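Worksheet: one structure, shown below.
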Amino acid sequence: MDRTERRGQAGRSWAEGSQAGRSWAEGSQAGGSWAGGSQAGGSWAGRSQGRRKARRRKAGRRLCLGSCVFLLGFVAGGLFVLGVLQRALGNVGGGGTAVVYAQGAGISAGMGETMENGAQAATGSEGRLEEGWNLELVNAAHGMDPDYVPVLAEVERGYQVDIRMEEPLREMLQDARAQGFAVRICSAYRTWEKQESLYEAKVEAYREEGMGEKEARETAARTVAAPGTSEHQLGLAVDLVSEAYQILDEKQEETPEQQWLMAHCQEYGFILRYPSDKTEETGIIYEPWHYRYVGQEAAREIMERGICLEEYLEERAQEE
Ligand SMILES: [Zn+2]
């Protein structure tokens with residue numbers, strides 16, 4: 001899915017959210033005018049005092065019921081719109097799940113789900129990745145907690161990252177661009193669903209080439225990490241390309257942008273995560289575009305010594 005399409009879909013889900021909100025409000029207004037109708041009904045009818053009183057009581061009850069419907073509609077509509085917005089925001093960089101969600105959100109089922117999601121987003125990062133979060137290892141052998149949701153910040157063009165690496169990334173992009181290097185983000189935080197769809201698409205492509213199920217899955221995992229094993233899901237990785245050459249292959253390393261990034265990324269706390277000579281250790285092919293935030297201290301050591309994150313963490317574990 002290309003970026004334009006992704007942005008378009010995200011935009012669509014917002015629009016759907018607003019439409020839903022509007023129709024709820026319209027429903028509520030109808031509730032209000034219904035109550036108004038009841039009041040009118042009360043004034044023109046009635047000949048005898050008793051009947052008029054009875055009608056007033058009835059109208060009062062209708063007015064009360066109308067107000068309740070109005071209030072319920074208003075609150076439910078508000079919650080629904082909030083949930084859809086939150087969901088859409090969480091998926092701007094991550095793919096089309098917001099659309100599926102917004103379309104599938106019926107009045108009753110949708111409400112419960114959006115509220116549940118809101119709660120998860122608020123508490124998602126508590127108690128995890130607090131200490132040493134920047135050195136969290138995620139690879140084929142170390143899967144992540146499926147419930148983990150980082151606190152995100154948008155950097156540009158809808159791309160989001162863990163809020164704690166937002167500043168270093170901005171600085172690196174600014175400095176590169178100030179020196180004339182046209183660096184472009186082409187992937188950042190991914191939801192579980194997004195990672196799953198990317199991985200399954202890769203598996204399917206290998207299946208079509210005639211590979212068996214097991215081989216297709218293993219081969220795919222070397223280029224697109226299986227869900228739960230990608231640093232993009234942590235929000236601590238970005239894929240950066242040259243504006244002039246946006247293809248993700250080995251030629252990316254020849255661009256002036258990658259040359260600059262590879263020479264300076266550690267100054268901002270980033271490492272080139274999958275170097276050409278470490279595919280055995282990382283389990284991932286050479287990716288001269290995938291940068292991972294680990295903090296300045298670790299980044300300098302890893303880049304200057306030409307080791308990978310797996311080796312760095314292994315050494316630290318032995319020292320302790
Ligand atoms: Zn990547």
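Identifiers in this document derive from the order of the structure tokens: chains are assigned A, B, ..., residues are numbered from 1 separately in each chain, and ligands are numbered from 1 in order of occurrence.
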
Residues near Glu253 in chain A, cut-off 9 Å, only C-alpha atoms, skip fewer than 3 positions along chain, as a ChimeraX atom specification: /A:249-250,256-259,262,287-289

Site check for ligand 1: residues at most 6 Å away, only C-alpha atoms and all ligand atoms, as a VMD selection string: chain A and resid 238 to 239 290

Who sits within 7 Å of range 185-188 of chain A, only C-alpha atoms, same chain under 6 positions skipped, as number ranges by chain: A: 159-161, 232, 235, 237-241

Please write the residues from the selection above to a file, keeping C-alpha atoms, as a PDB file, in the first residue's frame.
ATOM      1  CA  TYR A 159       4.720   9.013  10.595  1.00  0.00           C
ATOM      2  CA  GLN A 160       4.785   8.303  14.317  1.00  0.00           C
ATOM      3  CA  VAL A 161       7.514   7.107  16.673  1.00  0.00           C
ATOM      4  CA  HIS A 232       8.820  -0.843  14.007  1.00  0.00           C
ATOM      5  CA  GLY A 235       8.140   2.666  17.682  1.00  0.00           C
ATOM      6  CA  ALA A 237      12.846   2.268  14.329  1.00  0.00           C
ATOM      7  CA  VAL A 238      12.575   4.364  11.171  1.00  0.00           C
ATOM      8  CA  ASP A 239      13.274   3.544   7.562  1.00  0.00           C
ATOM      9  CA  LEU A 240      14.979   6.519   5.929  1.00  0.00           C
ATOM     10  CA  VAL A 241      15.589   6.898   2.207  1.00  0.00           C
TER      11      VAL A 241
END

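Every residue of range 114-293 of chain A found in strand (DSSP E) when DSSP is run on the backbone appears here: Leu152, Ala153, Glu154, Val155, Glu156, Tyr159, Gln160, Val161, Asp162, Val183, Arg184, Ile185, Cys186, Ser187, Ala237, Val238, Asp239, Leu240, Val241, Ser242, Phe270, Ile271, Leu272, His290, Tyr291, Arg292 and Tyr293 of chain A.
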
Serialized selection, N, CA and C atoms, as a PDB file, in the first residue's frame:
ATOM      1  N   LEU A 152       3.037   7.507  21.447  1.00  0.00           N
ATOM      2  CA  LEU A 152       3.552   7.943  20.147  1.00  0.00           C
ATOM      3  C   LEU A 152       3.522   9.448  19.947  1.00  0.00           C
ATOM      4  N   ALA A 153       4.405   9.906  19.073  1.00  0.00           N
ATOM      5  CA  ALA A 153       4.394  11.311  18.651  1.00  0.00           C
ATOM      6  C   ALA A 153       4.569  11.328  17.139  1.00  0.00           C
ATOM      7  N   GLU A 154       3.824  12.207  16.470  1.00  0.00           N
ATOM      8  CA  GLU A 154       3.973  12.295  15.014  1.00  0.00           C
ATOM      9  C   GLU A 154       5.173  13.167  14.673  1.00  0.00           C
ATOM     10  N   VAL A 155       6.010  12.658  13.786  1.00  0.00           N
ATOM     11  CA  VAL A 155       7.202  13.419  13.390  1.00  0.00           C
ATOM     12  C   VAL A 155       6.890  14.265  12.157  1.00  0.00           C
ATOM     13  N   GLU A 156       6.407  13.621  11.104  1.00  0.00           N
ATOM     14  CA  GLU A 156       6.006  14.349   9.898  1.00  0.00           C
ATOM     15  C   GLU A 156       5.222  13.419   8.979  1.00  0.00           C
ATOM     16  N   TYR A 159       3.850  10.041  10.026  1.00  0.00           N
ATOM     17  CA  TYR A 159       4.720   9.013  10.595  1.00  0.00           C
ATOM     18  C   TYR A 159       4.931   9.267  12.087  1.00  0.00           C
ATOM     19  N   GLN A 160       4.696   8.201  12.863  1.00  0.00           N
ATOM     20  CA  GLN A 160       4.785   8.303  14.317  1.00  0.00           C
ATOM     21  C   GLN A 160       5.921   7.440  14.865  1.00  0.00           C
ATOM     22  N   VAL A 161       6.479   7.886  15.983  1.00  0.00           N
ATOM     23  CA  VAL A 161       7.514   7.107  16.673  1.00  0.00           C
ATOM     24  C   VAL A 161       7.269   7.194  18.174  1.00  0.00           C
ATOM     25  N   ASP A 162       7.969   6.375  18.946  1.00  0.00           N
ATOM     26  CA  ASP A 162       7.945   6.478  20.402  1.00  0.00           C
ATOM     27  C   ASP A 162       8.311   7.920  20.763  1.00  0.00           C
ATOM     28  N   VAL A 183      16.629  13.703   3.073  1.00  0.00           N
ATOM     29  CA  VAL A 183      16.247  12.448   3.727  1.00  0.00           C
ATOM     30  C   VAL A 183      14.725  12.400   3.868  1.00  0.00           C
ATOM     31  N   ARG A 184      14.177  11.234   3.630  1.00  0.00           N
ATOM     32  CA  ARG A 184      12.723  11.067   3.678  1.00  0.00           C
ATOM     33  C   ARG A 184      12.365   9.840   4.523  1.00  0.00           C
ATOM     34  N   ILE A 185      11.406  10.004   5.432  1.00  0.00           N
ATOM     35  CA  ILE A 185      10.932   8.849   6.210  1.00  0.00           C
ATOM     36  C   ILE A 185      10.019   8.022   5.299  1.00  0.00           C
ATOM     37  N   CYS A 186      10.225   6.701   5.258  1.00  0.00           N
ATOM     38  CA  CYS A 186       9.279   5.897   4.467  1.00  0.00           C
ATOM     39  C   CYS A 186       8.592   4.830   5.317  1.00  0.00           C
ATOM     40  N   SER A 187       8.999   4.696   6.576  1.00  0.00           N
ATOM     41  CA  SER A 187       8.272   3.816   7.497  1.00  0.00           C
ATOM     42  C   SER A 187       8.686   4.174   8.916  1.00  0.00           C
ATOM     43  N   ALA A 237      12.118   2.406  15.594  1.00  0.00           N
ATOM     44  CA  ALA A 237      12.846   2.268  14.329  1.00  0.00           C
ATOM     45  C   ALA A 237      12.208   3.133  13.246  1.00  0.00           C
ATOM     46  N   VAL A 238      13.066   3.639  12.354  1.00  0.00           N
ATOM     47  CA  VAL A 238      12.575   4.364  11.171  1.00  0.00           C
ATOM     48  C   VAL A 238      13.325   3.878   9.950  1.00  0.00           C
ATOM     49  N   ASP A 239      12.623   3.811   8.837  1.00  0.00           N
ATOM     50  CA  ASP A 239      13.274   3.544   7.562  1.00  0.00           C
ATOM     51  C   ASP A 239      13.428   4.896   6.886  1.00  0.00           C
ATOM     52  N   LEU A 240      14.689   5.224   6.541  1.00  0.00           N
ATOM     53  CA  LEU A 240      14.979   6.519   5.929  1.00  0.00           C
ATOM     54  C   LEU A 240      15.573   6.292   4.546  1.00  0.00           C
ATOM     55  N   VAL A 241      15.070   7.034   3.576  1.00  0.00           N
ATOM     56  CA  VAL A 241      15.589   6.898   2.207  1.00  0.00           C
ATOM     57  C   VAL A 241      15.946   8.261   1.639  1.00  0.00           C
ATOM     58  N   SER A 242      16.629   8.214   0.508  1.00  0.00           N
ATOM     59  CA  SER A 242      16.949   9.438  -0.222  1.00  0.00           C
ATOM     60  C   SER A 242      15.723   9.837  -1.040  1.00  0.00           C
ATOM     61  N   PHE A 270      21.314   6.938  17.129  1.00  0.00           N
ATOM     62  CA  PHE A 270      20.790   5.904  16.213  1.00  0.00           C
ATOM     63  C   PHE A 270      21.899   4.973  15.706  1.00  0.00           C
ATOM     64  N   ILE A 271      21.515   3.764  15.353  1.00  0.00           N
ATOM     65  CA  ILE A 271      22.450   2.822  14.717  1.00  0.00           C
ATOM     66  C   ILE A 271      21.834   2.307  13.423  1.00  0.00           C
ATOM     67  N   LEU A 272      22.735   1.942  12.490  1.00  0.00           N
ATOM     68  CA  LEU A 272      22.274   1.207  11.314  1.00  0.00           C
ATOM     69  C   LEU A 272      22.088  -0.218  11.834  1.00  0.00           C
ATOM     70  N   HIS A 290      17.328   1.090   7.517  1.00  0.00           N
ATOM     71  CA  HIS A 290      16.634   0.895   8.797  1.00  0.00           C
ATOM     72  C   HIS A 290      17.510   1.380   9.960  1.00  0.00           C
ATOM     73  N   TYR A 291      17.044   2.445  10.628  1.00  0.00           N
ATOM     74  CA  TYR A 291      17.775   3.010  11.769  1.00  0.00           C
ATOM     75  C   TYR A 291      16.985   2.788  13.048  1.00  0.00           C
ATOM     76  N   ARG A 292      17.736   2.392  14.081  1.00  0.00           N
ATOM     77  CA  ARG A 292      17.117   2.081  15.358  1.00  0.00           C
ATOM     78  C   ARG A 292      17.664   3.013  16.426  1.00  0.00           C
ATOM     79  N   TYR A 293      16.787   3.553  17.273  1.00  0.00           N
ATOM     80  CA  TYR A 293      17.240   4.403  18.362  1.00  0.00           C
ATOM     81  C   TYR A 293      17.675   3.539  19.540  1.00  0.00           C
TER      82      TYR A 293
END

Selected residue of minimal separation from Ala298 in chain A among A:Asn139, A:Thr282, A:Gln318, A:Gln266, counting only C-alpha atoms: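 Among the listed residues, A:Gln266 lies closest to Ala298 in chain A.
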
Nearest to Ser276 in chain A by atom-to-atom distance, counting only C-alpha atoms, from A:Val151, A:Cys308, A:Leu135, A:Ala141: A:Cys308

Spatial neighbours of Arg300 in chain A, 10 Å, only C-alpha atoms, chain gap at least 6 places, as a ChimeraX atom specification: /A:264-271,294,306

Selected residues written out, N, CA and C atoms, as a tab-separated table (two decimals), in the first residue's frame:
chain	number	residue	atom	x	y	z
A	264	HIS	N	26.84	9.74	10.65
A	264	HIS	CA	26.46	10.63	11.75
A	264	HIS	C	25.35	10.12	12.66
A	265	CYS	N	24.68	9.04	12.31
A	265	CYS	CA	23.49	8.63	13.08
A	265	CYS	C	23.78	8.45	14.57
A	266	GLN	N	24.97	7.93	14.90
A	266	GLN	CA	25.29	7.68	16.32
A	266	GLN	C	25.33	8.95	17.16
A	267	GLU	N	25.60	10.09	16.51
A	267	GLU	CA	25.63	11.36	17.25
A	267	GLU	C	24.24	11.70	17.80
A	268	TYR	N	23.23	11.11	17.21
A	268	TYR	CA	21.85	11.38	17.63
A	268	TYR	C	21.26	10.20	18.40
A	269	GLY	N	22.07	9.15	18.57
A	269	GLY	CA	21.59	7.98	19.31
A	269	GLY	C	21.04	6.86	18.44
A	270	PHE	N	21.31	6.94	17.13
A	270	PHE	CA	20.79	5.90	16.21
A	270	PHE	C	21.90	4.97	15.71
A	271	ILE	N	21.51	3.76	15.35
A	271	ILE	CA	22.45	2.82	14.72
A	271	ILE	C	21.83	2.31	13.42
A	294	VAL	N	18.90	3.77	20.03
A	294	VAL	CA	19.39	3.04	21.22
A	294	VAL	C	19.97	4.00	22.26
A	306	GLY	N	31.65	-1.33	15.02
A	306	GLY	CA	31.11	-2.14	13.93
A	306	GLY	C	30.47	-3.43	14.40

Straight-line distance linking CA of Val203 in chain A with CA of Thr229 in chain A, stated in Å to one decimal: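 A separation of 15.4 Å between them.
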
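Nearest to Glu310 in chain A of all the residues A:Tyr206, A:Glu297, A:His142, A:Gly132 is A:His142, based on only C-alpha atoms.
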
Coordinates-based distance that separates CA of Leu309 in chain A from CA of Ile284 in chain A (Å, one decimal): 12.4 Å

Those in range 125-287 of chain A with helix (DSSP H, G or I) from DSSP, as a count of residues only: 73
